[in-house]
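Some notes on the structure that comes next.
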Amino acid sequence: MTAHVDGHALRRARAERRAVIGFNIYNLEQGIGVVRAAERERVPVLLQAGSSAFRYAGRAPLARLALALAAETSAPVGVHLDHATDVDEIRACLDLGYGSVMYDGSALALDDNIATTRAVVAAAHARGAWVEGELAGIAGDEDESTGAGAGALTEPAAAARFVAETGVDALAVAIGNVHGIPAAPVALDLGRLARIADAVDVPLVLHGASGLPEDEVRAAIGLGVAKLNVNTELRRALRASLLATAAAPPPGDAVEGWLGPVVEATCAAATAKLRAFAHAPAEVAP
Ligand code: 13P
C-alpha cells in the first residue's frame with residue numbers, strides 16, 4: 001500500500017491552513033502530469049483513480065497505473081478512490097493497495113449512509129487506509145461539466161452525528177459547491193461551512209474545486225477544508241492541449257509528439273492549483 005499520504009496528512013494540512021489536493025485522472029498522461037507537479041512543488045497530492053474513470057479505462061489497469069506512479073516517485077503521492085457507491089469496489093481497491101477511499105452514501109437515508117459508511121471505515125482501518133464520507137450530495141456530473149446548480153446542503157447537526165457514528169477520517173461537505181464549472185459563478189455558503197467545522201473535528205473536503213474564485217477557496221481552507229478535489233480543470237487542460245496540437249500538428253506520428261503536450265498541460269494546471277492552495281500561507285512568498 002502507498003503510505004505517502006496517510007490518515008494524518010489531512011489533519012496536518014488543516015492545522016497549517018493548506019489543502020491536500022486530490023486530482024482525478026483517467027489515463028497515463030494525466031497521471032504523469034500530476035506526479036510531475038507534486039515533484040515540483042514537494043507537497044502531498046492524491047491521485048484519484050475512481051469509479052467513473054474505471055468505466056473508461058478499466059478498474060485494475062487504471063488503479064495499478066496510479067499505484068505504480070505513486071510508488072515510483074519520491075514525491076508524497078497517495079492513491080485515493082473517489083466517489084465509490086459500491087462496497088465491493090472499495091474492497092477491491094483496498095486489496096490493490098489504495099491508501100484511502102471515499103464512500104459516497106449521500107443518496108441514501110442518513111441512517112443507511114451511517115451504517116454502510118461505518119462498515120467501510122472498519123474494513124479500511126483494518127488495512128491502515130483512511131476514509132472520506134459524504135452527506136447531502138454534490139450536484140453535477142463527475143466526468144463532464146454540465147452547468148448544474150447546487151443541490152441539498154450539509155446540515156451541521158447531521159454532520160456531527162454522521163462523523164461521531166461512522167468514525168470517518170474526513171467529511172465531504174455540500175455548501176453550494178458543484179462538480180464542473182457552471183456559467184454562473186458558485187457562491188460557497190461559508191457561514192454554513194463554519195458551523196459544520198464547529199460541529200465536527202475531522203478535516204473537511206471541498207469537491208468541485210475547479211473554477212472557484214481563489215479567495216473563496218482560501219476562506220474555505222481557513223475554516224477547516226483540508227482537501228480539495230479537482231477534475232474539470234485537468235480535463236479542460238487536456239482538451240485545450242489536444243486542440244492546440246491538432247491546430248499546429250507535429251511532423252510525423254510519434255505518440256510523444258501528440259500526447260506529450262497533454263502531460264505538460266496537465267502538469268501546468270496541477271502546479272497552478274498546488275501553488276495556490278497546497279502550501280501553508282507562511283511558505284508562500286509575499
Ligand atoms: P470538479 O470537476 O468541479 O473539479 O470537481 C471534482 C470533484 O469534486 C471530484 O470528486
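Going by the C-alpha cells order, chains are called A, B, ..., each with residues numbered from 1, while ligands are numbered from 1 in the order shown.
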
Quiz prompt | Selection as a ChimeraX atom specification: residues within 8 Å of ligand 1 by only C-alpha atoms and all ligand atoms | solution = /A:22-24,82-83,138,141-145,178-181,206-211,228-234

Quiz item: Residues of region 48-186 of chain A in strand (DSSP E or B) according to DSSP, as a PyMOL selection string?
Solution: chain A and resi 48+77-84+100-103+130-134+139+170-173+178

Would you mind exporting the chosen residues as a compact mmCIF listing (two decimals), in the first residue's frame, restricted to N, CA and C atoms?
```txt
# COMPACT_ATOMS: atom_id res chain seq x y z
N GLN A 48 -6.53 10.55 -7.80
CA GLN A 48 -7.86 9.99 -7.60
C GLN A 48 -8.24 9.18 -8.84
N VAL A 77 2.90 11.13 -2.90
CA VAL A 77 1.71 10.91 -3.72
C VAL A 77 0.96 9.68 -3.20
N GLY A 78 -0.32 9.87 -2.87
CA GLY A 78 -1.16 8.75 -2.46
C GLY A 78 -2.18 8.44 -3.54
N VAL A 79 -2.83 7.29 -3.41
CA VAL A 79 -3.87 6.92 -4.38
C VAL A 79 -5.19 6.76 -3.63
N HIS A 80 -6.19 7.48 -4.12
CA HIS A 80 -7.47 7.60 -3.41
C HIS A 80 -8.61 7.19 -4.34
N LEU A 81 -9.57 6.47 -3.80
CA LEU A 81 -10.76 6.09 -4.56
C LEU A 81 -11.81 7.17 -4.34
N ASP A 82 -12.19 7.85 -5.42
CA ASP A 82 -13.15 8.96 -5.31
C ASP A 82 -14.57 8.44 -5.58
N HIS A 83 -15.54 8.93 -4.81
CA HIS A 83 -16.97 8.67 -5.07
C HIS A 83 -17.32 7.23 -5.35
N ALA A 84 -17.00 6.33 -4.46
CA ALA A 84 -17.44 4.94 -4.65
C ALA A 84 -18.78 4.74 -3.97
N SER A 100 -6.50 5.29 0.62
CA SER A 100 -7.71 5.95 1.13
C SER A 100 -8.85 5.76 0.14
N VAL A 101 -10.06 5.83 0.69
CA VAL A 101 -11.26 5.64 -0.14
C VAL A 101 -12.33 6.62 0.30
N MET A 102 -13.19 6.97 -0.66
CA MET A 102 -14.39 7.74 -0.33
C MET A 102 -15.60 6.85 -0.55
N TYR A 103 -16.40 6.66 0.51
CA TYR A 103 -17.69 6.02 0.31
C TYR A 103 -18.73 7.13 0.19
N TRP A 130 -7.50 5.27 5.17
CA TRP A 130 -8.44 6.22 5.77
C TRP A 130 -9.64 6.44 4.85
N VAL A 131 -10.70 7.01 5.44
CA VAL A 131 -11.99 7.07 4.73
C VAL A 131 -12.57 8.48 4.74
N GLU A 132 -13.06 8.86 3.57
CA GLU A 132 -13.81 10.11 3.41
C GLU A 132 -15.29 9.74 3.23
N GLY A 133 -16.17 10.40 3.99
CA GLY A 133 -17.60 10.16 3.84
C GLY A 133 -18.27 11.39 3.27
N GLU A 134 -19.54 11.24 2.89
CA GLU A 134 -20.25 12.39 2.30
C GLU A 134 -21.68 12.43 2.78
N ALA A 139 -23.89 18.21 -6.38
CA ALA A 139 -24.57 18.12 -7.68
C ALA A 139 -23.58 18.19 -8.83
N ALA A 170 -12.48 11.97 7.27
CA ALA A 170 -12.68 13.25 6.56
C ALA A 170 -14.12 13.29 6.07
N LEU A 171 -14.65 14.49 5.96
CA LEU A 171 -16.06 14.65 5.56
C LEU A 171 -16.18 15.60 4.37
N ALA A 172 -16.78 15.10 3.28
CA ALA A 172 -17.06 15.96 2.13
C ALA A 172 -18.33 16.74 2.40
N VAL A 173 -18.26 18.05 2.21
CA VAL A 173 -19.40 18.92 2.53
C VAL A 173 -20.06 19.44 1.25
N VAL A 178 -20.36 22.52 -6.65
CA VAL A 178 -20.88 21.57 -7.65
C VAL A 178 -19.71 20.98 -8.43
```

Exercise. Do a neighbour search on Asp169 (chain A) at 12 Å with only C-alpha atoms, toss out local chain neighbours closer than 4 positions, and write the hits as a PyMOL selection string.
Key: chain A and resi 6-11+100-103+117-118+120-122+124-125+128-134+162-165+200-205+226-227

Preceding selection exported with C-alpha atoms as an mmCIF file, in the first residue's frame:
```cif
data_model
loop_
_atom_site.group_PDB
_atom_site.id
_atom_site.type_symbol
_atom_site.label_atom_id
_atom_site.label_comp_id
_atom_site.auth_asym_id
_atom_site.auth_seq_id
_atom_site.Cartn_x
_atom_site.Cartn_y
_atom_site.Cartn_z
ATOM 1 C CA ASP A 6 -1.595 8.748 5.352
ATOM 2 C CA GLY A 7 -4.528 9.483 7.622
ATOM 3 C CA HIS A 8 -2.656 12.242 9.442
ATOM 4 C CA ALA A 9 -1.825 14.229 6.310
ATOM 5 C CA LEU A 10 -5.212 15.935 6.202
ATOM 6 C CA ARG A 11 -5.115 16.803 9.905
ATOM 7 C CA SER A 100 -7.707 5.950 1.128
ATOM 8 C CA VAL A 101 -11.260 5.643 -0.138
ATOM 9 C CA MET A 102 -14.389 7.736 -0.326
ATOM 10 C CA TYR A 103 -17.692 6.017 0.306
ATOM 11 C CA THR A 117 -20.006 4.120 5.960
ATOM 12 C CA ARG A 118 -19.285 2.599 9.384
ATOM 13 C CA VAL A 120 -16.389 0.782 5.152
ATOM 14 C CA VAL A 121 -14.431 2.532 7.921
ATOM 15 C CA ALA A 122 -13.917 -0.788 9.741
ATOM 16 C CA ALA A 124 -10.405 0.364 5.564
ATOM 17 C CA HIS A 125 -8.924 0.977 9.015
ATOM 18 C CA GLY A 128 -4.350 1.092 7.508
ATOM 19 C CA ALA A 129 -6.367 3.131 4.981
ATOM 20 C CA TRP A 130 -8.441 6.218 5.771
ATOM 21 C CA VAL A 131 -11.989 7.069 4.725
ATOM 22 C CA GLU A 132 -13.812 10.110 3.415
ATOM 23 C CA GLY A 133 -17.599 10.162 3.836
ATOM 24 C CA GLU A 134 -20.246 12.390 2.304
ATOM 25 C CA PHE A 162 -22.520 11.199 10.921
ATOM 26 C CA VAL A 163 -18.901 11.733 11.987
ATOM 27 C CA ALA A 164 -19.474 10.516 15.551
ATOM 28 C CA GLU A 165 -21.314 7.355 14.498
ATOM 29 C CA VAL A 200 -17.114 18.100 13.742
ATOM 30 C CA ASP A 201 -13.434 17.597 14.470
ATOM 31 C CA VAL A 202 -12.378 15.891 11.225
ATOM 32 C CA PRO A 203 -10.819 17.673 8.219
ATOM 33 C CA LEU A 204 -13.390 18.773 5.639
ATOM 34 C CA VAL A 205 -13.278 18.102 1.907
ATOM 35 C CA ALA A 226 -8.090 20.364 4.168
ATOM 36 C CA LYS A 227 -8.707 18.520 0.894
#
```

Exercise. Please give the complete set of residues from region 71-275 of chain A that DSSP, run on the backbone, assigns to helix (DSSP H, G or I), formatted as a ChimeraX atom specification.
Key: /A:71-72,87-96,110-126,156-166,190-199,214-222,232-247,255-275
